[in-house]
Each structure stands twice: as C-alpha cells, then as structure tokens.
>>> print(open('structure_16.cif').read())   # mmCIF, C-alpha atoms
data_query
#
loop_
_atom_site.label_atom_id
_atom_site.label_comp_id
_atom_site.auth_asym_id
_atom_site.auth_seq_id
_atom_site.Cartn_x
_atom_site.Cartn_y
_atom_site.Cartn_z
CA MET A 108 9.50 -1.81 25.66
CA THR A 109 10.27 -5.50 25.91
CA THR A 110 11.32 -7.78 23.10
CA ALA A 111 8.09 -9.74 23.60
CA HIS A 112 6.13 -6.54 23.04
CA HIS A 113 8.03 -5.86 19.82
CA GLN A 114 7.41 -9.41 18.63
CA ASP A 115 3.67 -9.21 19.34
CA ARG A 116 3.50 -5.88 17.56
CA MET A 117 5.27 -7.17 14.47
CA GLN A 118 3.17 -10.35 14.50
CA ALA A 119 0.03 -8.18 14.43
CA GLN A 120 1.40 -6.27 11.45
CA ILE A 121 2.22 -9.50 9.60
CA THR A 122 -1.24 -10.91 10.35
CA PHE A 123 -2.79 -7.78 8.80
CA ILE A 124 -0.53 -7.98 5.73
CA LEU A 125 -1.46 -11.64 5.18
CA GLU A 126 -5.17 -10.90 5.70
CA ILE A 127 -5.36 -8.10 3.16
CA ASP A 128 -3.93 -10.41 0.48
CA LYS A 129 -7.60 -11.41 0.12
CA LEU A 130 -8.32 -8.07 -1.58
CA LYS A 131 -6.72 -9.61 -4.68
CA ARG A 132 -9.69 -11.96 -4.87
CA VAL A 133 -12.48 -9.36 -4.59
CA LEU A 134 -13.78 -8.76 -8.11
CA ARG A 135 -15.25 -5.50 -9.36
CA ARG A 136 -17.95 -5.13 -12.02
CA ASN A 137 -15.70 -3.43 -14.56
CA THR A 138 -13.02 -5.17 -16.59
CA LEU A 139 -9.42 -4.31 -17.35
CA ILE A 140 -9.00 -1.66 -20.06
CA ASP A 141 -8.54 -4.42 -22.67
CA GLY A 142 -11.76 -6.14 -21.56
CA SER A 143 -9.96 -9.46 -20.99
CA ARG A 144 -11.29 -10.12 -17.48
CA ARG A 145 -12.86 -8.46 -14.44
CA GLU A 146 -10.63 -6.22 -12.38
CA ASN A 147 -9.86 -7.03 -8.75
CA ASP A 148 -9.82 -4.53 -5.90
CA ALA A 149 -6.07 -4.78 -5.22
CA GLU A 150 -4.91 -4.00 -8.76
CA HIS A 151 -7.63 -1.31 -8.97
CA SER A 152 -6.20 0.31 -5.82
CA TRP A 153 -2.70 0.27 -7.32
CA HIS A 154 -3.98 1.93 -10.50
CA LEU A 155 -5.68 4.65 -8.45
CA GLY A 156 -2.47 5.29 -6.51
CA MET A 157 -0.73 5.81 -9.86
CA LEU A 158 -3.56 8.10 -11.02
CA ALA A 159 -3.02 10.24 -7.92
CA MET A 160 0.72 10.45 -8.60
CA VAL A 161 0.19 11.42 -12.24
CA MET A 162 -2.90 13.65 -11.97
CA GLY A 163 -1.97 15.69 -8.89
CA GLU A 164 -2.00 18.99 -10.76
CA HIS A 165 -5.73 18.52 -11.38
CA ALA A 166 -6.52 18.51 -7.63
CA GLU A 167 -7.33 21.62 -5.59
CA PRO A 168 -4.14 23.61 -4.87
CA GLY A 169 -2.39 22.51 -1.71
CA VAL A 170 -3.78 18.96 -1.66
CA ASN A 171 -1.48 16.52 0.15
CA LEU A 172 -1.01 13.95 -2.62
CA ASP A 173 0.84 11.47 -0.43
CA ARG A 174 -2.23 11.31 1.79
CA VAL A 175 -4.39 10.80 -1.32
CA VAL A 176 -2.17 7.89 -2.37
CA ARG A 177 -2.39 6.30 1.09
CA MET A 178 -6.15 6.77 1.18
CA LEU A 179 -6.54 5.10 -2.20
CA LEU A 180 -4.40 2.10 -1.23
CA VAL A 181 -6.62 1.60 1.83
CA HIS A 182 -10.05 2.60 0.49
CA ASP A 183 -11.35 -0.80 -0.64
CA ILE A 184 -9.90 -3.06 2.08
CA VAL A 185 -13.29 -3.25 3.83
CA GLU A 186 -14.60 -5.07 0.76
CA ILE A 187 -12.68 -8.19 1.85
CA ASP A 188 -15.60 -8.78 4.24
CA ALA A 189 -18.32 -6.58 2.78
CA GLY A 190 -17.81 -7.38 -0.91
CA ASP A 191 -17.84 -4.98 -3.81
CA THR A 192 -21.00 -2.90 -4.15
CA PHE A 193 -22.11 -1.86 -7.58
CA ILE A 194 -22.38 1.92 -7.30
CA TYR A 195 -25.56 2.00 -9.43
CA ASP A 196 -27.41 -0.37 -7.07
CA VAL A 197 -29.01 2.10 -4.61
CA VAL A 198 -30.51 -0.45 -2.20
CA ALA A 199 -27.23 -2.36 -1.93
CA VAL A 200 -25.27 0.84 -1.36
CA GLU A 201 -27.36 1.65 1.75
CA ALA A 202 -27.21 -1.86 3.22
CA GLN A 203 -23.48 -1.85 2.61
CA GLU A 204 -22.59 0.85 5.11
CA ALA A 205 -23.05 -1.22 8.28
CA ALA A 206 -21.20 -4.15 6.72
CA GLU A 207 -18.28 -1.92 5.81
CA GLN A 208 -18.08 -0.40 9.29
CA ALA A 209 -17.91 -3.88 10.81
CA ALA A 210 -15.30 -4.88 8.25
CA ALA A 211 -13.14 -1.85 9.05
CA GLU A 212 -13.24 -2.67 12.75
CA ARG A 213 -12.31 -6.29 12.20
CA ILE A 214 -9.60 -5.86 9.55
CA PHE A 215 -7.90 -2.65 10.69
CA GLY A 216 -8.34 -4.00 14.23
CA LEU A 217 -5.77 -6.69 13.43
CA LEU A 218 -3.10 -3.97 13.59
CA PRO A 219 -1.51 -2.49 16.74
CA ALA A 220 -4.03 -0.02 18.23
CA GLU A 221 -2.56 3.27 16.99
CA GLN A 222 -2.09 1.91 13.48
CA ALA A 223 -5.65 0.55 13.51
CA ARG A 224 -6.85 4.09 14.32
CA GLU A 225 -4.67 5.62 11.59
CA PHE A 226 -6.08 3.30 8.90
CA GLN A 227 -9.65 3.63 10.18
CA GLU A 228 -9.31 7.43 9.99
CA LEU A 229 -7.93 7.30 6.45
CA TRP A 230 -10.85 5.15 5.35
CA GLU A 231 -13.44 7.30 7.13
CA GLU A 232 -11.93 10.45 5.63
CA PHE A 233 -12.26 8.89 2.16
CA GLU A 234 -15.88 7.91 2.74
CA ALA A 235 -16.90 11.29 4.22
CA ARG A 236 -15.41 13.34 1.34
CA ALA A 237 -15.09 16.32 3.69
CA THR A 238 -11.44 17.10 2.86
CA PRO A 239 -9.90 18.09 -0.51
CA GLU A 240 -7.74 14.95 -0.29
CA ALA A 241 -10.80 12.71 0.07
CA ARG A 242 -12.71 14.51 -2.69
CA PHE A 243 -9.78 14.07 -5.08
CA ALA A 244 -9.34 10.41 -4.10
CA LYS A 245 -13.05 9.76 -4.65
CA ALA A 246 -12.92 11.58 -8.00
CA LEU A 247 -10.17 9.21 -9.20
CA ASP A 248 -12.13 6.20 -7.90
CA ARG A 249 -15.13 7.30 -9.97
CA LEU A 250 -13.08 8.24 -13.04
CA ALA A 251 -11.27 4.90 -13.44
CA PRO A 252 -14.28 2.68 -14.34
CA ILE A 253 -15.63 5.36 -16.70
CA MET A 254 -12.28 5.30 -18.52
CA ALA A 255 -12.33 1.50 -18.62
CA ASN A 256 -15.87 1.31 -20.00
CA HIS A 257 -15.27 4.13 -22.46
CA HIS A 258 -12.23 2.33 -23.89
CA ASN A 259 -14.09 -0.93 -24.00
CA GLU A 260 -17.12 -0.07 -26.18
CA GLY A 261 -19.24 0.70 -23.13
CA GLY A 262 -17.92 -2.27 -21.17
CA THR A 263 -20.26 -3.26 -18.37
CA TRP A 264 -22.68 -0.32 -18.80
CA ALA A 265 -24.90 -2.24 -21.23
CA LEU A 266 -24.70 -5.46 -19.21
CA TYR A 267 -26.00 -3.68 -16.09
CA LYS A 268 -28.39 -1.39 -18.04
CA VAL A 269 -26.70 1.78 -16.82
CA THR A 270 -27.74 5.04 -18.55
CA ALA A 271 -25.79 8.24 -19.24
CA SER A 272 -27.83 10.17 -16.67
CA GLN A 273 -26.79 7.67 -14.00
CA VAL A 274 -23.15 7.94 -15.02
CA LEU A 275 -23.41 11.73 -14.97
CA GLU A 276 -24.54 11.58 -11.33
CA LYS A 277 -21.20 9.91 -10.57
CA VAL A 278 -19.43 12.51 -12.71
CA ALA A 279 -20.75 15.15 -10.26
CA ILE A 280 -18.58 13.44 -7.63
CA ILE A 281 -15.59 13.77 -9.96
CA VAL A 282 -16.33 17.47 -10.52
CA ALA A 283 -16.37 18.00 -6.74
CA GLY A 284 -12.80 16.67 -6.53
CA SER A 285 -11.37 18.09 -9.75
CA ALA A 286 -12.93 20.48 -12.25
CA THR A 287 -10.65 19.39 -15.11
CA LEU A 288 -11.10 15.66 -14.51
CA GLY A 289 -14.85 16.25 -14.18
CA ALA A 290 -14.89 17.97 -17.58
CA PHE A 291 -12.83 15.11 -19.02
CA ALA A 292 -15.23 12.48 -17.62
CA THR A 293 -18.22 14.40 -19.06
CA GLU A 294 -16.55 14.29 -22.47
CA LEU A 295 -16.01 10.53 -22.21
CA VAL A 296 -19.68 10.01 -21.33
CA GLU A 297 -20.82 12.18 -24.25
CA MET A 298 -18.52 10.34 -26.66
CA SER A 299 -19.77 6.98 -25.41
CA VAL A 300 -23.38 8.07 -25.97
CA ALA A 301 -22.54 9.42 -29.45
CA ARG A 302 -20.92 6.09 -30.36
CA GLY A 303 -23.95 4.13 -29.13
CA HIS A 304 -21.97 2.51 -26.28
CA LEU A 305 -24.06 4.08 -23.49
CA ALA A 306 -27.84 4.59 -23.40
CA PRO A 307 -28.78 8.30 -23.14
CA MET B 24 0.08 28.34 -21.13
CA THR B 25 -2.54 27.76 -23.77
CA THR B 26 -5.59 25.56 -23.48
CA ALA B 27 -4.18 23.39 -26.27
CA HIS B 28 -1.02 22.89 -24.21
CA HIS B 29 -3.10 21.84 -21.19
CA GLN B 30 -5.10 19.42 -23.31
CA ASP B 31 -1.97 17.83 -24.81
CA ARG B 32 -0.50 17.51 -21.34
CA MET B 33 -3.57 15.82 -19.90
CA GLN B 34 -3.85 13.58 -22.95
CA ALA B 35 -0.27 12.40 -22.34
CA GLN B 36 -1.15 11.63 -18.72
CA ILE B 37 -4.24 9.67 -19.76
CA THR B 38 -2.25 7.72 -22.37
CA PHE B 39 0.22 6.70 -19.65
CA ILE B 40 -2.57 5.69 -17.25
CA LEU B 41 -4.20 3.52 -19.94
CA GLU B 42 -0.84 1.98 -20.91
CA ILE B 43 0.10 0.92 -17.39
CA ASP B 44 -3.17 -0.99 -17.07
CA LYS B 45 -1.16 -3.74 -18.78
CA LEU B 46 0.79 -4.31 -15.54
CA LYS B 47 -2.32 -6.18 -14.33
CA ARG B 48 -1.54 -8.85 -16.93
CA VAL B 49 2.15 -9.39 -16.08
CA LEU B 50 2.32 -12.57 -13.98
CA ARG B 51 4.92 -13.27 -11.33
CA ARG B 52 6.27 -16.70 -10.34
CA ASN B 53 4.77 -16.68 -6.86
CA THR B 54 1.11 -17.21 -6.09
CA LEU B 55 -1.33 -15.37 -3.85
CA ILE B 56 -0.97 -16.26 -0.14
CA ASP B 57 -3.77 -18.83 -0.51
CA GLY B 58 -2.02 -20.47 -3.48
CA SER B 59 -5.11 -20.10 -5.69
CA ARG B 60 -3.38 -18.50 -8.68
CA ARG B 61 -0.25 -16.62 -9.74
CA GLU B 62 0.07 -13.04 -8.58
CA ASN B 63 0.22 -10.18 -11.07
CA ASP B 64 2.56 -7.20 -10.86
CA ALA B 65 -0.16 -4.59 -10.24
CA GLU B 66 -1.71 -6.27 -7.20
CA HIS B 67 1.82 -7.12 -5.97
CA SER B 68 2.73 -3.42 -6.17
CA TRP B 69 -0.39 -2.51 -4.18
CA HIS B 70 0.50 -5.05 -1.50
CA LEU B 71 4.03 -3.63 -1.24
CA GLY B 72 2.64 -0.10 -0.85
CA MET B 73 0.57 -1.38 2.06
CA LEU B 74 3.63 -3.14 3.53
CA ALA B 75 5.49 0.19 3.47
CA MET B 76 2.60 1.93 5.23
CA VAL B 77 2.39 -0.76 7.92
CA MET B 78 6.08 -1.62 8.40
CA GLY B 79 7.58 1.88 8.40
CA GLU B 80 8.93 1.56 11.95
CA HIS B 81 11.23 -1.23 10.74
CA ALA B 82 13.02 1.08 8.27
CA GLU B 83 16.11 3.15 9.11
CA PRO B 84 15.14 6.20 11.21
CA GLY B 85 14.19 9.20 9.09
CA VAL B 86 13.18 7.26 5.99
CA ASN B 87 10.62 9.12 3.86
CA LEU B 88 7.89 6.50 3.74
CA ASP B 89 5.78 8.38 1.22
CA ARG B 90 8.68 8.18 -1.20
CA VAL B 91 8.98 4.45 -0.45
CA VAL B 92 5.29 3.99 -1.26
CA ARG B 93 5.64 5.90 -4.55
CA MET B 94 8.75 3.92 -5.48
CA LEU B 95 6.97 0.64 -4.86
CA LEU B 96 3.93 1.62 -6.94
CA VAL B 97 6.28 2.42 -9.84
CA HIS B 98 8.98 -0.25 -9.42
CA ASP B 99 7.58 -2.97 -11.70
CA ILE B 100 6.08 -0.85 -14.50
CA VAL B 101 9.06 -1.60 -16.77
CA GLU B 102 7.97 -5.25 -16.74
CA ILE B 103 5.08 -4.36 -19.07
CA ASP B 104 7.68 -4.49 -21.86
CA ALA B 105 10.52 -6.44 -20.24
CA GLY B 106 8.46 -9.14 -18.51
CA ASP B 107 8.94 -10.51 -15.02
CA THR B 108 12.37 -11.91 -14.32
CA PHE B 109 12.70 -14.76 -11.89
CA ILE B 110 15.22 -13.45 -9.35
CA TYR B 111 16.92 -16.86 -9.07
CA ASP B 112 17.67 -16.99 -12.80
CA VAL B 113 21.10 -15.28 -12.94
CA VAL B 114 21.50 -15.22 -16.73
CA ALA B 115 18.04 -13.75 -17.24
CA VAL B 116 18.65 -11.09 -14.57
CA GLU B 117 21.68 -9.76 -16.48
CA ALA B 118 20.00 -9.76 -19.89
CA GLN B 119 17.04 -8.02 -18.32
CA GLU B 120 18.77 -4.75 -17.52
CA ALA B 121 18.93 -3.36 -21.05
CA ALA B 122 15.34 -4.41 -21.72
CA GLU B 123 14.18 -2.62 -18.56
CA GLN B 124 16.05 0.57 -19.43
CA ALA B 125 14.38 0.64 -22.84
CA ALA B 126 11.01 -0.06 -21.23
CA ALA B 127 11.45 2.80 -18.76
CA GLU B 128 12.27 5.21 -21.57
CA ARG B 129 9.26 4.15 -23.63
CA ILE B 130 6.65 3.91 -20.88
CA PHE B 131 7.62 6.83 -18.60
CA GLY B 132 8.32 8.73 -21.82
CA LEU B 133 4.57 8.76 -22.52
CA LEU B 134 4.24 11.34 -19.73
CA PRO B 135 4.95 15.08 -19.98
CA ALA B 136 8.75 15.53 -19.84
CA GLU B 137 9.19 16.58 -16.20
CA GLN B 138 6.89 13.79 -14.99
CA ALA B 139 8.75 11.29 -17.17
CA ARG B 140 11.97 12.36 -15.41
CA GLU B 141 10.35 12.11 -11.98
CA PHE B 142 9.17 8.54 -12.57
CA GLN B 143 12.43 7.51 -14.24
CA GLU B 144 14.33 8.82 -11.19
CA LEU B 145 12.08 6.96 -8.77
CA TRP B 146 12.63 3.73 -10.67
CA GLU B 147 16.41 4.24 -10.96
CA GLU B 148 16.63 5.05 -7.25
CA PHE B 149 14.84 1.78 -6.48
CA GLU B 150 17.14 -0.23 -8.72
CA ALA B 151 20.35 1.40 -7.41
CA ARG B 152 19.51 0.80 -3.73
CA ALA B 153 21.78 3.72 -2.78
CA THR B 154 19.26 5.51 -0.54
CA PRO B 155 17.61 4.25 2.68
CA GLU B 156 14.22 4.62 0.92
CA ALA B 157 15.32 2.36 -1.95
CA ARG B 158 16.89 -0.19 0.40
CA PHE B 159 13.69 -0.39 2.43
CA ALA B 160 11.53 -0.64 -0.71
CA LYS B 161 13.73 -3.42 -2.08
CA ALA B 162 13.60 -5.23 1.28
CA LEU B 163 9.79 -5.29 1.13
CA ASP B 164 9.90 -6.47 -2.49
CA ARG B 165 12.10 -9.40 -1.45
CA LEU B 166 10.14 -10.16 1.72
CA ALA B 167 6.70 -10.50 0.08
CA PRO B 168 7.34 -13.66 -2.01
CA ILE B 169 9.16 -15.33 0.92
CA MET B 170 6.04 -14.74 3.04
CA ALA B 171 3.82 -16.10 0.27
CA ASN B 172 5.90 -19.25 -0.21
CA HIS B 173 6.30 -19.79 3.53
CA HIS B 174 2.53 -19.66 4.02
CA ASN B 175 1.98 -21.92 1.06
CA GLU B 176 4.03 -25.01 2.01
CA GLY B 177 7.04 -23.73 0.08
CA GLY B 178 4.95 -22.53 -2.84
CA THR B 179 7.02 -22.15 -5.97
CA TRP B 180 10.40 -22.89 -4.32
CA ALA B 181 10.13 -26.63 -5.02
CA LEU B 182 8.77 -26.08 -8.54
CA TYR B 183 11.77 -23.95 -9.50
CA LYS B 184 14.26 -26.01 -7.40
CA VAL B 185 15.26 -23.07 -5.25
CA THR B 186 17.36 -23.87 -2.15
CA ALA B 187 17.58 -22.19 1.24
CA SER B 188 21.06 -20.84 0.50
CA GLN B 189 19.69 -19.09 -2.60
CA VAL B 190 16.80 -17.62 -0.61
CA LEU B 191 19.23 -16.48 2.09
CA GLU B 192 21.17 -14.49 -0.53
CA LYS B 193 17.94 -12.54 -1.12
CA VAL B 194 17.47 -12.21 2.63
CA ALA B 195 20.77 -10.29 2.71
CA ILE B 196 19.02 -7.64 0.60
CA ILE B 197 16.23 -7.51 3.18
CA VAL B 198 18.77 -7.14 6.01
CA ALA B 199 20.33 -4.17 4.17
CA GLY B 200 16.95 -2.38 4.23
CA SER B 201 15.68 -3.45 7.64
CA ALA B 202 17.43 -5.43 10.38
CA THR B 203 14.18 -6.58 11.98
CA LEU B 204 12.52 -7.62 8.71
CA GLY B 205 15.77 -9.38 7.76
CA ALA B 206 15.69 -11.36 11.00
CA PHE B 207 12.03 -12.17 10.41
CA ALA B 208 12.73 -13.41 6.86
CA THR B 209 15.60 -15.57 8.15
CA GLU B 210 13.19 -17.16 10.63
CA LEU B 211 10.68 -17.90 7.86
CA VAL B 212 13.39 -19.58 5.77
CA GLU B 213 14.56 -21.68 8.73
CA MET B 214 11.00 -22.74 9.53
CA SER B 215 10.37 -23.65 5.89
CA VAL B 216 13.51 -25.82 5.87
CA ALA B 217 12.53 -27.45 9.18
CA ARG B 218 9.10 -28.29 7.78
CA GLY B 219 10.62 -29.79 4.61
CA HIS B 220 9.12 -27.07 2.38
CA LEU B 221 12.48 -25.71 1.24
CA ALA B 222 15.63 -27.68 0.33
CA PRO B 223 18.58 -26.82 2.61
#
>>> encode(input="structure_16.cif", output="structure tokens")
Amino acid sequence: MTTAHHQDRMQAQITFILEIDKLKRVLRRNTLIDGSRRENDAEHSWHLGMLAMVMGEHAEPGVNLDRVVRMLLVHDIVEIDAGDTFIYDVVAVEAQEAAEQAAAERIFGLLPAEQAREFQELWEEFEARATPEARFAKALDRLAPIMANHHNEGGTWALYKVTASQVLEKVAIIVAGSATLGAFATELVEMSVARGHLAP
Amino acid sequence: MTTAHHQDRMQAQITFILEIDKLKRVLRRNTLIDGSRRENDAEHSWHLGMLAMVMGEHAEPGVNLDRVVRMLLVHDIVEIDAGDTFIYDVVAVEAQEAAEQAAAERIFGLLPAEQAREFQELWEEFEARATPEARFAKALDRLAPIMANHHNEGGTWALYKVTASQVLEKVAIIVAGSATLGAFATELVEMSVARGHLAP
C-alpha cells in the first residue's frame, strides 16, 4: 500500500476521533450520583466500561468481557446526531430507530470501510440483544441510571413522573443479562418505593 | 461460598462503582475539541478507550488492545483523590507520585482483594511504561490534548505559557508508543507553531 493510502486512512481515523468528541456534549436525563449536574453520554459510557470490568462475574459464564467493554464504549455514539432518548418515552423510542440508523451510517462511515463495519456491527449487536455480551452490556446500561436515581432520593424519576412499574419493566432487561444484577436492581427499586422516592 | 460472602463481595463492587463516579468531576487543563468547556477525566478516559479501538494498527505488532483499553479506562482514577496534574508543571508532577499511590490504595482497595490487585497492576503498568501496551496507552494519553489544542487555536498552551520545545518532550513519549502517531503529533506541533498558536 502507498504512503498516500496510509495517510488517507489515518486522516479518516482522526476525523472520526474528532467527530465523536461531540458525545461529551450530549446530555442524559439522569444526573451524576451526587446530583450536581446532568450526566453526558461520554462519561456515562466510561462508567459503563468500568462496570463491565468490575461486574464480569455477574454475566453468563463464558461472556467475552472485552467485547462488552468495546460495545459499551460505542453504544451511544449514534446519539451525537439522534440525541438522547428518554427510555420511558414510548413514542420517541420508536421514532428514534431510523434516526439512529442514519447516525450510525454517517458517523461510523467516517472510518476506513472495514473499521466502519466493525463499529456498526458492535452497535447493532448491542441493540439486538441477541448475544450474551449484548444482554450483559444492556443490563449495565439499564442498571446505571437506577443506581444514580436510587442514591439521589429518586433523582429524575419524580421530575419525569416515572413509576415503579415502569422501572421494573427496565429491570426485566437487566434480569435478561444478569440474574444477580437484576435481583440487585429490584431491591433498589423496592427500597426507593419504601422511602417514598419512587411512586408505586 | 456463602450467600453472605457473595453479598459482601457485590456490595464492595457497588461501593467502588459509586465512588469512581467522582472522576466525572475532576477537570483537566485542556478543553473539549470545540473549546466550549474544560474536559473532565471520565469523558477523557472514554475518548482514549475509543482512540485505542480505532488506532490499534499504529501500535507495535502484537499489542493486546483490549488490555490497552482497560488500562486507559482505569488510568486516571487516582486523580479522584490526587487531582489532575498539569504535565508541564515539573514540581507538581514529582509531588504527585506519593499522592497517587495513596489514592490507588484507597480507591482500588474498595474492591474485593483480587480485583483490587488487578486494577492496581493495570494502573502501575500504565505508569511504568515498561510494556508495549502501556507505551501505546501513554502515547494516546499524550496525543489527545495536543489534538484538542491544535484544533482550538492553541487552546490552553498560550494560557499556561507552554512552548513547542516543551510539547515536543511529550511527543517523545508518543514516539515511544507509536512511530506513526509520534510523527503525526510532531506535524500538529509544527503546524501550530507555523500558525502562531504555539510559541517556538
């Protein structure tokens, strides 16, 4: 391969790296654990990568944790174009899918072709939840905001009028990825209800 | 093992996960690529994990990229206690070492013992730069703020009176981890000087 080819390839990689810096400006509904401000998608993705590294023993046996970490680092990049969708807003969640597909094509498409495919596949695997890696990654993604709200007197649950039965629907997704983390999330929800921080 | 043992173990993991949320509030000297605000350590660590995933072909052959990603997610956690050190402040860098060792013991020590060791080892490997994985991780850590300042009309270089020769000392660390990324960083520095965004 020519030097020019190598330079184009590296330039494409740099363009992608600069573009995804924007994930640091996509705000989520939940706050940091201390409630001081809203969390952004980039720091959220880092925290999930750490959760995967720490909580691996709670995944199905044989799960490739390195793939889970990679999936979690990539999983929200489409929100640079498509924005964060509040998971309790059913109409928005449906409309979001086409926007996220377009975003994946544009943003991952900045990379050299085979890397674009690799990242697109990681993201699609996460969304489809058909592999143990994706189910565990999704479980961690659902667990994190429950932990934040629980430790923050209900956090954004009250603000967005979310009820325990709605949260427990999301807990079912955690159970599908990890029985122990699902049981833990159920406990957090029950404690939050008992403390009056989450409507039954 | 007993159920009580499992519960204690998971509680230790959760305590660690909640504690490291504080990394989202540790601010670095450089800004986001768009210059809108200072970057925090958590989102910086995410961005470096992505750099490792994208730039792997620029590492020494045979580098374990998954280990690089893990190292980068963990590398700044000690700054929760020790604070961010500006790499051009030589006195601070020396005083920082003891503070970071204490921080590692306290924060990783929240985890179950064998996980505490695993994270401590990852962090020490990064700091020692004795493995190809650590050299590549450190190269990415040094490259990211140069990219941010370059794309931001010199960014914080002028504010902190940093010169090109000081930046080029850091570029030597990039060269040690990746010849191509080192050459790229050198180009960025030269362009920044040529544009008057960095003092020679």
>>> resolve_selection(input="structure_16.cif", expression="the PyMOL selection byres ((chain B) within 7 of (chain A))", output="ChimeraX atom specification")
/B:36,40,44,47,56,65-66,68-69,73-74,77,89,96
>>> atom_distance(input="structure_16.cif", atom1="CA of Val175 (chain A)", atom2="CA of Ala244 (chain A)")
5.7 Å
>>> residues_around(input="structure_16.cif", residues="Ala211 (chain A)", least_positions_apart="2", cutoff="10 Å", atoms="all atoms listed in the file", output="compact mmCIF listing (two decimals) with C-alpha atoms, keeping the file's coordinate frame")
# COMPACT_ATOMS: atom_id res chain seq x y z
CA ASP A 183 -11.35 -0.80 -0.64
CA ILE A 184 -9.90 -3.06 2.08
CA VAL A 185 -13.29 -3.25 3.83
CA GLU A 186 -14.60 -5.07 0.76
CA ILE A 187 -12.68 -8.19 1.85
CA ASP A 188 -15.60 -8.78 4.24
CA ALA A 189 -18.32 -6.58 2.78
CA ALA A 205 -23.05 -1.22 8.28
CA ALA A 206 -21.20 -4.15 6.72
CA GLU A 207 -18.28 -1.92 5.81
CA GLN A 208 -18.08 -0.40 9.29
CA ALA A 209 -17.91 -3.88 10.81
CA ARG A 213 -12.31 -6.29 12.20
CA ILE A 214 -9.60 -5.86 9.55
CA PHE A 215 -7.90 -2.65 10.69
CA GLY A 216 -8.34 -4.00 14.23
CA LEU A 217 -5.77 -6.69 13.43
CA ALA A 223 -5.65 0.55 13.51
CA PHE A 226 -6.08 3.30 8.90
CA GLN A 227 -9.65 3.63 10.18
CA TRP A 230 -10.85 5.15 5.35
CA GLU A 231 -13.44 7.30 7.13
>>> resolve_selection(input="structure_16.cif", expression="the PyMOL selection byres ((chain B and resi 198) around 12)", output="ChimeraX atom specification")
/B:81-83,155,158-163,165-166,191-197,199-209
>>> write_last_selection(input="structure_16.cif", atoms="C-alpha atoms", output="mmCIF file, in the frame of the given file")
data_model
loop_
_atom_site.group_PDB
_atom_site.id
_atom_site.type_symbol
_atom_site.label_atom_id
_atom_site.label_comp_id
_atom_site.auth_asym_id
_atom_site.auth_seq_id
_atom_site.Cartn_x
_atom_site.Cartn_y
_atom_site.Cartn_z
ATOM 1 C CA HIS B 81 11.230 -1.230 10.740
ATOM 2 C CA ALA B 82 13.020 1.080 8.270
ATOM 3 C CA GLU B 83 16.110 3.150 9.110
ATOM 4 C CA PRO B 155 17.610 4.250 2.680
ATOM 5 C CA ARG B 158 16.890 -0.190 0.400
ATOM 6 C CA PHE B 159 13.690 -0.390 2.430
ATOM 7 C CA ALA B 160 11.530 -0.640 -0.710
ATOM 8 C CA LYS B 161 13.730 -3.420 -2.080
ATOM 9 C CA ALA B 162 13.600 -5.230 1.280
ATOM 10 C CA LEU B 163 9.790 -5.290 1.130
ATOM 11 C CA ARG B 165 12.100 -9.400 -1.450
ATOM 12 C CA LEU B 166 10.140 -10.160 1.720
ATOM 13 C CA LEU B 191 19.230 -16.480 2.090
ATOM 14 C CA GLU B 192 21.170 -14.490 -0.530
ATOM 15 C CA LYS B 193 17.940 -12.540 -1.120
ATOM 16 C CA VAL B 194 17.470 -12.210 2.630
ATOM 17 C CA ALA B 195 20.770 -10.290 2.710
ATOM 18 C CA ILE B 196 19.020 -7.640 0.600
ATOM 19 C CA ILE B 197 16.230 -7.510 3.180
ATOM 20 C CA ALA B 199 20.330 -4.170 4.170
ATOM 21 C CA GLY B 200 16.950 -2.380 4.230
ATOM 22 C CA SER B 201 15.680 -3.450 7.640
ATOM 23 C CA ALA B 202 17.430 -5.430 10.380
ATOM 24 C CA THR B 203 14.180 -6.580 11.980
ATOM 25 C CA LEU B 204 12.520 -7.620 8.710
ATOM 26 C CA GLY B 205 15.770 -9.380 7.760
ATOM 27 C CA ALA B 206 15.690 -11.360 11.000
ATOM 28 C CA PHE B 207 12.030 -12.170 10.410
ATOM 29 C CA ALA B 208 12.730 -13.410 6.860
ATOM 30 C CA THR B 209 15.600 -15.570 8.150
#
>>> resolve_selection(input="structure_16.cif", expression="the PyMOL selection byres ((chain B and resi 216) around 12)", output="ChimeraX atom specification")
/B:172-173,176-177,180-181,185-188,190-191,209-215,217-223
>>> atom_distance(input="structure_16.cif", atom1="CA of Ala241 (chain A)", atom2="CA of Pro168 (chain A)")
13.7 Å
